[in-house]
Structure formats: structure tokens, C-alpha cells
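> Here's a structure for you.
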Amino acid sequence: MSLHDDTIDTVTPVNALLSAKYRRSFAYLTVRDRLPITVTKVIDCLVRDKEKIVKTLGEYTREELKKIIGSFSELKNELLTDKPFKAITSDGPDVSSWNAYYMKENEREGSEPRWFHTSWLYAECYMYRRIHEAFELSISMKTFDPFHKQKKEAFFSSLASVIILGDHVWQQCQMGNLPQLAMKEELLRLIKVALWGNQHDLSRPSGYELPEESNLFEHIDQLHECILIDDSECIWSILTAAVKGNSVIDIVNDNAGYEIFTDLCLADVLCTFSLADKVRFHVKAMPWFISDATKYDFYWVLQMMAELSHKSSSLPALATRWEEYLQSGRWMVEAEDFWTLPHSYNKMKATDNNLYNKLSEATLVIFKGDLNYRKLVGETNWLATESFANALQGFHPAPLVTLRTLKADLICGLQPGQAEMIAAKSRDWMISGNYAVIQFDG
Ligand SMILES: O=P(O)(O)OC[C@H]1O[C@](O)(CO)[C@@H](O)[C@@H]1O
Ligand SMILES: [Mn+2]
């Protein structure tokens, strides 16, 4: 089959894995257009910032940069011409898992995996792993994050919302416990803030900014109808039923900047209301899907908050409070390798039993964002009415919820007729980020 063979399937069959081999899919558009753009942008950023990087890291870096830029041109060419994947050759702790995955896919597909033939999930994850590999193979740029600048700028462009939310959460934690009903209302509000915070990812061409004239909370209330599945009542029930003194909440974070700030606000409210005794944040071990948060990005937000006293007194105060949570161990930040492997989550138990067992201790695991959703439901083209529990294919370390704005053409758990109704209103409802789900599996 050649790259532009029109005789092949064009539409993703029901229950098939998403793949760029289906020409009328978002996977195809992503692999054809968006992934090469990402690589080009990385090259551009390195070329543009070359002198600055050399100045910071030393003259030796000049040669290394040349080599790295060369390997990205090669990567882009491999992508555009549908070349076979290769084994990863750097020496990160995850390399053996990547190469085992490669061998397995090789066997399963009967030939080396390729961009326009293998699953979308594997192809897209592989691209980010290859980008990191090029840096890892250097001496002076091993941990370089080519997306850092974009993440930083995005945080500052959402500063207005950060300040409004920071003031609100700071006031809330001064009040402490509230009557049950008020507590519930506040928690559900913060869940929605964290949900819509997921619109802030940088892998989409059109970014996101709060409409100028709107108040953050009014804006979120107005989005009510765009939440296609809202199981937030289940979250309240499970949290209030948990044994006090022993309630762990895991948050599998997604994007840096504004989104992770909303996650931290949610975590704080959970602690203030004594609904969580411990919160573990799971971030990425390497730069990932452009805007995903690494440990560095996590602490960077705290540092920025501490430095923003001229904009808001709440942000430095919150930063101090959160530092204390981190120092006392009530909050923990972890970056397990599994989150940057290409596996769906139904493979977690067999691939990373420790992580599965860790998540099993939780009262609730909160998964943020679209990529986590793709991995939760095995990146399969489910019928829209398929149940979430079935789509998880046995993945159930603990009660879990997904807070996801829709940016990929897959969904499950809708009512009969619901998908058709939304499609009639909005053709790109699955990929625009304008619709969202709060889906719970108890
Ligand atoms: O940051 P999120 O919510 O995981 O979104 C990333 C998603 O965006 C996309 O790039 C689509 O715009 C998908 O490839 C991916 O699932
Ligand atoms: Mn992301």
C-alpha cells in the first residue's frame, strides 16, 4: 500500500483502533499535517535561539545543535515519506520498554510499524519520543525542553484567569469547611474549572483565551450545555463516603500552565474540605505533546506565583501554602515512565504493576485531558453509545473519572441519538475542544 493509495479504507470501522491509514479520520490529518508542523516548529525554535543556547550551555553545544537539527530534518522526512519506525538508541530508563513495544508491534503487524499504517497513538507518542531521543543523545542538551518557551508564554497569556481563580481559591481556603451543600457546590465548580482548563493545550492550532469581557465563573456556567456527560455527582458521593484520614487522590495531569494551575486549585479545595488527605500529581518524565507538564513545569508555576505579588496578593500566598503541602508530603509530584510510553491503560497492570497498585490505593483517580482519554479507552472507534466501563477494557485500579475536552474523534458513553444531535449542531464537535465530558467509572 503506498502513501497515497486511494483504494484503501477511508473511514475508521467501528471497534477498530484509530490510525492514519483511515484517510477520512483526524488521525490521518494529524499524522499528515500536524506532526510535521510540530517537528518544523522545533527546528525553527532551535535555529532561532541557537546563539542564546550556545551562550548558556557553552561553545561545545554549537556542534551538538547542528546534529540535533539534522536529526529532526531526518525525522520530518521519515514522517512525510512514511518510513518504518526504528528502535530508540539513547539510554533513558524507558528505552527497553519502547523497544519491546516496537518488537511487539513489528510482530503483530507483520512488518515494521510505519506512520500511516500503525495506530495513531503509537505514531504520535513515537514522534515525541524521537524528539527527546535526539536531545538525550547529546552531552549538553540531555534534558532540553524545546516546548518550554511556548508553555511559558501560554501561562502569561492566561494570567487574567489565573488571578481571578487564585483570588477565589485563596478566599475559599480562608473560610475552611463550609456547610455540606455549599461545599458540594464549590467542589463541582472547581471540577468544571479544571475540566475547561483542558482547552489550554498547545497542540491545537487555535489556542484558547478567556473571552475578554467574561467573568471566569460565569463563562464556565455558560458552558454547561457543552458538557455531554456529567458524572460529577458521583465524584461528590465517592469523596464524601471515603474513610477520613486515609483518602488519597491521584491526579494524572495533562497540560502545563493554566491547566495545571486549575488542577492545583482543585487539589487545594479537596484538602481544604477534608475530602483528600493526600494528593499525588502525576506529570510527564519528558517533554510531551507540546504542552504537557513535566516536574520542571509544575514547580515553575509555583515559582511564578510567588513572583506575581505586584499582580495579586493571593498568588504568592497560595504558592507558600502549596509549598508547605509539598514539603509535608501531603502533596506529591511523581513522573512515572509509564505515562510517556505508547500503551493504552488496559496494559498498565501487565506493563507497570507497581503503578497500577499505587493507583489502586486511591479513593479516586482523576485523569485530565484528551490524550489520557485516548489511552483510557484504548484509542478505539467505539460506538458512541458503548459504555465507558466496557471501553476501559478491564482498567479499573480504583474509582476513576476523566475530565476531558474533546479533541480527537472518539467517544463513548453517550445516550442513543445524542451524537447525531450534536453533530447536527457542530460538524467538528469531536475535535474542536468546545465539548467536554466528566465520565466516571465506580
Ligand atoms: O492536551 P490534551 O488534552 O491531551 O490534548 C492533546 C490532544 O490534542 C490533539 O493534538 C488534537 O488536537 C490530539 O492529538 C491529542 O489527543
Ligand atoms: Mn496535553
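Lettering and numbering for the C-alpha cells are positional, with chains as A, B, ... in the shown order, residues counted from 1 in each chain, and ligands counted from 1 in the shown order.
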Residues up to 7 Å from ligand 1, counting only C-alpha atoms and all ligand atoms: could you list those as a list in words?

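Final answer, ordered by chain and number: Thr30, Asn198, Gln199, Asp201, Ser203, Arg204, Asp254, Asn255, Phe289, Ser291, Asp292, Gly369, Asp370, Leu371, Asn372, Arg374, Arg404, Thr405, Lys407, Ala408 and Ile431 of chain A.
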
> With C-alpha atoms kept, could you save the residues just selected as a CSV table (one decimal), in the first residue's frame?


chain,number,residue,atom,x,y,z
A,30,THR,CA,-2.8,14.8,12.4
A,198,ASN,CA,-8.1,21.3,29.4
A,199,GLN,CA,-8.9,23.6,26.5
A,201,ASP,CA,-3.3,22.8,25.2
A,203,SER,CA,-1.1,21.0,20.2
A,204,ARG,CA,-4.1,22.7,18.6
A,254,ASP,CA,-2.1,16.9,31.4
A,255,ASN,CA,-1.0,20.4,30.3
A,289,PHE,CA,2.6,16.5,23.3
A,291,SER,CA,2.2,21.4,26.3
A,292,ASP,CA,2.1,18.5,28.8
A,369,GLY,CA,-7.3,15.7,29.1
A,370,ASP,CA,-7.7,14.2,25.7
A,371,LEU,CA,-4.6,12.0,25.4
A,372,ASN,CA,-5.4,10.4,28.7
A,374,ARG,CA,-7.5,8.1,24.2
A,404,ARG,CA,-11.7,15.8,29.1
A,405,THR,CA,-12.4,18.4,26.4
A,407,LYS,CA,-10.0,16.9,20.7
A,408,ALA,CA,-9.9,13.6,19.0
A,431,ILE,CA,-12.1,17.8,17.7

> From a backbone DSSP assignment, name each residue in segment 156-390 of chain A labelled strand (DSSP E or B), as an NGL selection string.

:A and (227-230 or 248-252 or 255 or 278-282 or 284 or 292 or 294 or 331-334 or 364-368 or 380)

> Would you output that residue set with N, CA and C atoms, as a PDB file, in the first residue's frame?


ATOM      1  N   ILE A 227     -21.209  20.215  28.169  1.00  0.00           N
ATOM      2  CA  ILE A 227     -20.717  19.023  28.880  1.00  0.00           C
ATOM      3  C   ILE A 227     -21.672  17.877  28.533  1.00  0.00           C
ATOM      4  N   LEU A 228     -21.200  16.984  27.695  1.00  0.00           N
ATOM      5  CA  LEU A 228     -22.085  15.961  27.125  1.00  0.00           C
ATOM      6  C   LEU A 228     -22.425  14.857  28.115  1.00  0.00           C
ATOM      7  N   ILE A 229     -21.504  14.602  29.026  1.00  0.00           N
ATOM      8  CA  ILE A 229     -21.754  13.612  30.087  1.00  0.00           C
ATOM      9  C   ILE A 229     -21.246  14.265  31.361  1.00  0.00           C
ATOM     10  N   ASP A 230     -22.094  14.344  32.358  1.00  0.00           N
ATOM     11  CA  ASP A 230     -21.656  15.000  33.594  1.00  0.00           C
ATOM     12  C   ASP A 230     -21.911  14.081  34.795  1.00  0.00           C
ATOM     13  N   VAL A 248      -6.634   9.093  49.600  1.00  0.00           N
ATOM     14  CA  VAL A 248      -5.622   9.520  48.617  1.00  0.00           C
ATOM     15  C   VAL A 248      -6.325   9.833  47.301  1.00  0.00           C
ATOM     16  N   ILE A 249      -5.967  10.956  46.699  1.00  0.00           N
ATOM     17  CA  ILE A 249      -6.483  11.245  45.352  1.00  0.00           C
ATOM     18  C   ILE A 249      -5.297  11.354  44.410  1.00  0.00           C
ATOM     19  N   ASP A 250      -5.376  10.632  43.312  1.00  0.00           N
ATOM     20  CA  ASP A 250      -4.347  10.748  42.279  1.00  0.00           C
ATOM     21  C   ASP A 250      -4.889  11.625  41.163  1.00  0.00           C
ATOM     22  N   ILE A 251      -4.073  12.581  40.737  1.00  0.00           N
ATOM     23  CA  ILE A 251      -4.448  13.387  39.562  1.00  0.00           C
ATOM     24  C   ILE A 251      -3.410  13.127  38.477  1.00  0.00           C
ATOM     25  N   VAL A 252      -3.868  12.538  37.385  1.00  0.00           N
ATOM     26  CA  VAL A 252      -2.971  12.290  36.254  1.00  0.00           C
ATOM     27  C   VAL A 252      -3.068  13.539  35.375  1.00  0.00           C
ATOM     28  N   ASN A 255      -1.845  19.285  30.750  1.00  0.00           N
ATOM     29  CA  ASN A 255      -1.015  20.392  30.265  1.00  0.00           C
ATOM     30  C   ASN A 255      -0.481  21.307  31.362  1.00  0.00           C
ATOM     31  N   LYS A 278      -4.337  13.169  51.065  1.00  0.00           N
ATOM     32  CA  LYS A 278      -3.102  13.193  50.309  1.00  0.00           C
ATOM     33  C   LYS A 278      -3.464  13.329  48.820  1.00  0.00           C
ATOM     34  N   VAL A 279      -2.700  14.149  48.102  1.00  0.00           N
ATOM     35  CA  VAL A 279      -2.906  14.241  46.650  1.00  0.00           C
ATOM     36  C   VAL A 279      -1.582  13.952  45.962  1.00  0.00           C
ATOM     37  N   ARG A 280      -1.626  13.024  44.999  1.00  0.00           N
ATOM     38  CA  ARG A 280      -0.414  12.740  44.208  1.00  0.00           C
ATOM     39  C   ARG A 280      -0.666  13.237  42.791  1.00  0.00           C
ATOM     40  N   PHE A 281       0.240  14.077  42.316  1.00  0.00           N
ATOM     41  CA  PHE A 281       0.152  14.572  40.947  1.00  0.00           C
ATOM     42  C   PHE A 281       1.080  13.736  40.085  1.00  0.00           C
ATOM     43  N   HIS A 282       0.593  13.338  38.926  1.00  0.00           N
ATOM     44  CA  HIS A 282       1.423  12.546  38.006  1.00  0.00           C
ATOM     45  C   HIS A 282       1.683  13.369  36.760  1.00  0.00           C
ATOM     46  N   LYS A 284       4.678  14.366  33.418  1.00  0.00           N
ATOM     47  CA  LYS A 284       5.426  13.618  32.405  1.00  0.00           C
ATOM     48  C   LYS A 284       6.933  13.648  32.692  1.00  0.00           C
ATOM     49  N   ASP A 292       2.325  19.287  27.592  1.00  0.00           N
ATOM     50  CA  ASP A 292       2.148  18.505  28.819  1.00  0.00           C
ATOM     51  C   ASP A 292       3.155  18.929  29.893  1.00  0.00           C
ATOM     52  N   THR A 294       5.795  18.781  32.842  1.00  0.00           N
ATOM     53  CA  THR A 294       6.863  17.979  33.448  1.00  0.00           C
ATOM     54  C   THR A 294       7.009  18.477  34.897  1.00  0.00           C
ATOM     55  N   TRP A 331       1.102  16.679  49.559  1.00  0.00           N
ATOM     56  CA  TRP A 331       1.093  16.653  48.094  1.00  0.00           C
ATOM     57  C   TRP A 331       2.399  16.028  47.608  1.00  0.00           C
ATOM     58  N   MET A 332       2.290  15.246  46.554  1.00  0.00           N
ATOM     59  CA  MET A 332       3.497  14.652  45.964  1.00  0.00           C
ATOM     60  C   MET A 332       3.449  14.811  44.451  1.00  0.00           C
ATOM     61  N   VAL A 333       4.602  15.025  43.855  1.00  0.00           N
ATOM     62  CA  VAL A 333       4.667  15.110  42.389  1.00  0.00           C
ATOM     63  C   VAL A 333       5.500  13.945  41.900  1.00  0.00           C
ATOM     64  N   GLU A 334       4.930  13.164  40.999  1.00  0.00           N
ATOM     65  CA  GLU A 334       5.649  11.993  40.503  1.00  0.00           C
ATOM     66  C   GLU A 334       5.655  12.032  38.967  1.00  0.00           C
ATOM     67  N   LEU A 364      -9.989   8.055  44.543  1.00  0.00           N
ATOM     68  CA  LEU A 364     -10.401   8.472  43.202  1.00  0.00           C
ATOM     69  C   LEU A 364      -9.162   8.802  42.379  1.00  0.00           C
ATOM     70  N   VAL A 365      -9.147   8.366  41.123  1.00  0.00           N
ATOM     71  CA  VAL A 365      -8.077   8.770  40.209  1.00  0.00           C
ATOM     72  C   VAL A 365      -8.708   9.706  39.171  1.00  0.00           C
ATOM     73  N   ILE A 366      -8.138  10.909  39.060  1.00  0.00           N
ATOM     74  CA  ILE A 366      -8.674  11.890  38.110  1.00  0.00           C
ATOM     75  C   ILE A 366      -7.736  11.948  36.902  1.00  0.00           C
ATOM     76  N   PHE A 367      -8.258  11.640  35.733  1.00  0.00           N
ATOM     77  CA  PHE A 367      -7.455  11.694  34.503  1.00  0.00           C
ATOM     78  C   PHE A 367      -7.817  12.963  33.746  1.00  0.00           C
ATOM     79  N   LYS A 368      -6.811  13.766  33.465  1.00  0.00           N
ATOM     80  CA  LYS A 368      -7.063  15.011  32.760  1.00  0.00           C
ATOM     81  C   LYS A 368      -6.763  14.870  31.264  1.00  0.00           C
ATOM     82  N   THR A 380      -9.911   3.435  20.587  1.00  0.00           N
ATOM     83  CA  THR A 380     -10.738   2.614  19.703  1.00  0.00           C
ATOM     84  C   THR A 380     -11.937   3.419  19.222  1.00  0.00           C
TER      85      THR A 380
END

> Have a look at atom CA of Glu59 of chain A and atom CA of Ile131 of chain A and let me know their distance in Å, one decimal.

22.2 Å

> Can you pull out every residue within 8 Å of Pro397 of chain A, counting only C-alpha atoms, but drop anything in the same chain fewer than 3 positions away, and send it as number ranges by chain?

A: 356-357, 359-360

> Write the residues you've just listed into a file as an mmCIF file, in the first residue's frame, and include N, CA and C atoms for each of them.


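Below is the file out_37.cif, written as the result:
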data_model
loop_
_atom_site.group_PDB
_atom_site.id
_atom_site.type_symbol
_atom_site.label_atom_id
_atom_site.label_comp_id
_atom_site.auth_asym_id
_atom_site.auth_seq_id
_atom_site.Cartn_x
_atom_site.Cartn_y
_atom_site.Cartn_z
ATOM 1 N N TYR A 356 0.120 0.456 38.783
ATOM 2 C CA TYR A 356 -1.275 0.018 38.907
ATOM 3 C C TYR A 356 -1.638 -0.141 40.384
ATOM 4 N N ASN A 357 -0.731 -0.761 41.129
ATOM 5 C CA ASN A 357 -1.000 -0.964 42.562
ATOM 6 C C ASN A 357 -1.037 0.356 43.315
ATOM 7 N N LEU A 359 -1.997 3.256 42.089
ATOM 8 C CA LEU A 359 -3.286 3.903 41.803
ATOM 9 C C LEU A 359 -4.429 3.213 42.541
ATOM 10 N N SER A 360 -4.239 1.909 42.816
ATOM 11 C CA SER A 360 -5.297 1.145 43.496
ATOM 12 C C SER A 360 -5.528 1.633 44.932
#

> Skip Gly378 of chain A itself and residues of its chain fewer than 5 positions away, then list as a count of residues only all residues within 10 Å of it, counting only C-alpha atoms.

15

> What's the 9 Å shell around Tyr126 of chain A, counting only C-alpha atoms, without same-chain residues fewer than 6 positions away, as a compact mmCIF listing (two decimals) with N, CA, C and O atoms, in the first residue's frame?


# COMPACT_ATOMS: atom_id res chain seq x y z
N PHE A 85 9.46 2.73 11.45
CA PHE A 85 9.99 3.19 12.73
C PHE A 85 11.31 2.48 13.01
O PHE A 85 11.62 1.45 12.41
N TRP A 98 10.21 0.91 25.31
CA TRP A 98 9.88 1.39 23.96
C TRP A 98 10.26 0.35 22.91
O TRP A 98 9.50 0.07 21.98
N LEU A 341 4.91 6.25 27.72
CA LEU A 341 5.00 5.08 26.83
C LEU A 341 3.76 5.09 25.95
O LEU A 341 2.78 5.79 26.25
N PRO A 342 3.74 4.31 24.87
CA PRO A 342 2.59 4.37 23.97
C PRO A 342 1.43 3.44 24.35
O PRO A 342 0.49 3.28 23.58

> Write out as a PyMOL selection string each polymer residue whose atoms come within 12 Å of Asp221 of chain A, counting only C-alpha atoms; drop sequence neighbours fewer than 3 positions from it.

chain A and resi 188-193+196+214-218+224-227

> Selection from above, all heavy atoms, as a tab-separated table (two decimals), in the first residue's frame, can you write it?


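Now in result.tsv:
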chain	number	residue	atom	x	y	z
A	188	LEU	N	-17.92	21.15	42.87
A	188	LEU	CA	-18.35	20.92	41.49
A	188	LEU	C	-17.92	22.08	40.57
A	188	LEU	O	-17.57	21.87	39.41
A	188	LEU	CB	-19.86	20.69	41.40
A	188	LEU	CG	-20.41	19.46	42.15
A	188	LEU	CD1	-21.77	19.05	41.64
A	188	LEU	CD2	-19.48	18.24	42.10
A	189	ARG	N	-17.90	23.29	41.15
A	189	ARG	CA	-17.43	24.43	40.36
A	189	ARG	C	-15.96	24.25	39.98
A	189	ARG	O	-15.57	24.44	38.84
A	189	ARG	CB	-17.62	25.71	41.17
A	189	ARG	CG	-17.16	26.94	40.42
A	189	ARG	CD	-17.40	28.21	41.20
A	189	ARG	NE	-18.80	28.45	41.46
A	189	ARG	CZ	-19.29	28.94	42.60
A	189	ARG	NH1	-18.49	29.24	43.58
A	189	ARG	NH2	-20.58	29.13	42.75
A	190	LEU	N	-15.15	23.86	40.97
A	190	LEU	CA	-13.71	23.71	40.70
A	190	LEU	C	-13.42	22.54	39.76
A	190	LEU	O	-12.45	22.57	39.00
A	190	LEU	CB	-12.95	23.53	42.02
A	190	LEU	CG	-12.33	24.80	42.63
A	190	LEU	CD1	-11.14	25.27	41.82
A	190	LEU	CD2	-13.34	25.95	42.72
A	191	ILE	N	-14.27	21.51	39.81
A	191	ILE	CA	-14.11	20.40	38.85
A	191	ILE	C	-14.31	20.94	37.44
A	191	ILE	O	-13.57	20.61	36.51
A	191	ILE	CB	-15.10	19.26	39.18
A	191	ILE	CG1	-14.65	18.53	40.44
A	191	ILE	CG2	-15.25	18.30	38.01
A	191	ILE	CD1	-15.62	17.51	40.96
A	192	LYS	N	-15.31	21.80	37.29
A	192	LYS	CA	-15.57	22.34	35.94
A	192	LYS	C	-14.46	23.29	35.49
A	192	LYS	O	-14.10	23.32	34.32
A	192	LYS	CB	-16.94	23.00	35.90
A	192	LYS	CG	-17.95	21.88	35.80
A	192	LYS	CD	-19.37	22.18	35.91
A	192	LYS	CE	-20.09	20.83	35.97
A	192	LYS	NZ	-21.18	20.79	36.89
A	193	VAL	N	-13.92	24.02	36.44
A	193	VAL	CA	-12.80	24.90	36.08
A	193	VAL	C	-11.63	24.05	35.56
A	193	VAL	O	-11.01	24.34	34.54
A	193	VAL	CB	-12.36	25.76	37.30
A	193	VAL	CG1	-11.05	26.49	36.99
A	193	VAL	CG2	-13.45	26.76	37.67
A	196	TRP	N	-12.50	22.61	32.01
A	196	TRP	CA	-12.33	23.54	30.88
A	196	TRP	C	-10.89	24.04	30.78
A	196	TRP	O	-10.47	24.53	29.74
A	196	TRP	CB	-13.35	24.68	30.97
A	196	TRP	CG	-14.74	24.17	30.71
A	196	TRP	CD1	-15.75	24.06	31.62
A	196	TRP	CD2	-15.26	23.65	29.47
A	196	TRP	NE1	-16.88	23.51	31.03
A	196	TRP	CE2	-16.60	23.25	29.70
A	196	TRP	CE3	-14.73	23.47	28.19
A	196	TRP	CZ2	-17.41	22.69	28.71
A	196	TRP	CZ3	-15.54	22.92	27.20
A	196	TRP	CH2	-16.85	22.54	27.46
A	214	SER	N	-15.60	38.37	29.70
A	214	SER	CA	-16.28	37.45	30.61
A	214	SER	C	-15.62	37.31	31.96
A	214	SER	O	-14.42	37.39	32.09
A	214	SER	CB	-16.35	36.03	30.09
A	214	SER	OG	-16.30	35.90	28.82
A	215	ASN	N	-16.45	36.99	32.89
A	215	ASN	CA	-16.00	36.58	34.20
A	215	ASN	C	-15.79	35.07	34.12
A	215	ASN	O	-16.60	34.35	33.56
A	215	ASN	CB	-17.12	36.93	35.19
A	215	ASN	CG	-16.92	36.25	36.51
A	215	ASN	OD1	-16.99	35.03	36.62
A	215	ASN	ND2	-16.68	37.05	37.52
A	216	LEU	N	-14.69	34.59	34.68
A	216	LEU	CA	-14.32	33.19	34.54
A	216	LEU	C	-15.46	32.24	34.95
A	216	LEU	O	-15.79	31.30	34.23
A	216	LEU	CB	-13.08	32.91	35.39
A	216	LEU	CG	-12.63	31.46	35.51
A	216	LEU	CD1	-12.12	30.94	34.18
A	216	LEU	CD2	-11.54	31.31	36.57
A	217	PHE	N	-16.08	32.52	36.10
A	217	PHE	CA	-17.08	31.58	36.60
A	217	PHE	C	-18.39	31.65	35.80
A	217	PHE	O	-19.02	30.63	35.56
A	217	PHE	CB	-17.32	31.80	38.10
A	217	PHE	CG	-16.06	31.53	38.89
A	217	PHE	CD1	-15.32	32.57	39.43
A	217	PHE	CD2	-15.58	30.24	39.02
A	217	PHE	CE1	-14.14	32.33	40.11
A	217	PHE	CE2	-14.39	29.99	39.70
A	217	PHE	CZ	-13.67	31.03	40.24
A	218	GLU	N	-18.72	32.88	35.37
A	218	GLU	CA	-19.92	33.00	34.51
A	218	GLU	C	-19.68	32.26	33.20
A	218	GLU	O	-20.54	31.55	32.70
A	218	GLU	CB	-20.20	34.47	34.18
A	218	GLU	CG	-21.00	35.18	35.23
A	218	GLU	CD	-21.03	36.68	34.94
A	218	GLU	OE1	-20.80	37.10	33.79
A	218	GLU	OE2	-21.26	37.43	35.93
A	224	HIS	N	-22.25	25.03	30.37
A	224	HIS	CA	-22.98	23.90	30.93
A	224	HIS	C	-23.49	22.91	29.85
A	224	HIS	O	-23.31	21.70	29.97
A	224	HIS	CB	-24.14	24.45	31.76
A	224	HIS	CG	-25.01	23.39	32.32
A	224	HIS	ND1	-24.59	22.57	33.35
A	224	HIS	CD2	-26.25	22.97	31.96
A	224	HIS	CE1	-25.54	21.71	33.61
A	224	HIS	NE2	-26.55	21.91	32.79
A	225	GLU	N	-24.09	23.47	28.82
A	225	GLU	CA	-24.69	22.59	27.78
A	225	GLU	C	-23.66	21.85	26.94
A	225	GLU	O	-24.00	20.91	26.22
A	225	GLU	CB	-25.56	23.43	26.85
A	225	GLU	CG	-26.91	23.70	27.47
A	225	GLU	CD	-27.89	24.23	26.47
A	225	GLU	OE1	-27.55	24.33	25.28
A	225	GLU	OE2	-29.02	24.55	26.90
A	226	CYS	N	-22.43	22.29	27.03
A	226	CYS	CA	-21.38	21.65	26.22
A	226	CYS	C	-20.76	20.46	26.96
A	226	CYS	O	-19.87	19.80	26.42
A	226	CYS	CB	-20.31	22.66	25.86
A	226	CYS	SG	-20.96	24.00	24.88
A	227	ILE	N	-21.21	20.22	28.17
A	227	ILE	CA	-20.72	19.02	28.88
A	227	ILE	C	-21.67	17.88	28.53
A	227	ILE	O	-22.82	17.84	28.98
A	227	ILE	CB	-20.64	19.27	30.40
A	227	ILE	CG1	-19.77	20.50	30.68
A	227	ILE	CG2	-20.09	18.04	31.12
A	227	ILE	CD1	-19.59	20.84	32.14

> Would you mind reading off the distance between atom CA of Trp339 of chain A and atom CA of Ala100 of chain A, one decimal, in Å?

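Between atom CA of Trp339 of chain A and atom CA of Ala100 of chain A the gap works out to 16.0 Å.
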
> Quick one: residues within 8 Å of Asn15 of chain A, only C-alpha atoms, excluding same-chain residues fewer than 3 positions away - as an MDAnalysis selection string?

chainID A and resid 380:383

> Please produce a file of those selected residues containing C-alpha atoms, as an mmCIF file, in the first residue's frame.


data_model
loop_
_atom_site.group_PDB
_atom_site.id
_atom_site.type_symbol
_atom_site.label_atom_id
_atom_site.label_comp_id
_atom_site.auth_asym_id
_atom_site.auth_seq_id
_atom_site.Cartn_x
_atom_site.Cartn_y
_atom_site.Cartn_z
ATOM 1 C CA THR A 380 -10.738 2.614 19.703
ATOM 2 C CA ASN A 381 -13.537 3.811 17.476
ATOM 3 C CA TRP A 382 -16.291 2.761 19.884
ATOM 4 C CA LEU A 383 -19.921 3.195 19.064
#

> Looking at A:Gly417, A:Gly257, A:Gly329, A:Gly394, which one is nearest to ligand 2, with distances taken over only C-alpha atoms and all ligand atoms?

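Closest to ligand 2 of all the choices is A:Gly257.
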
> Measuring between only C-alpha atoms and all ligand atoms, which one of A:Ile260, A:Cys173, A:Ile238, A:Val54 shows the shortest distance to ligand 2?

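Of all the options, A:Ile260 lies closest to ligand 2.
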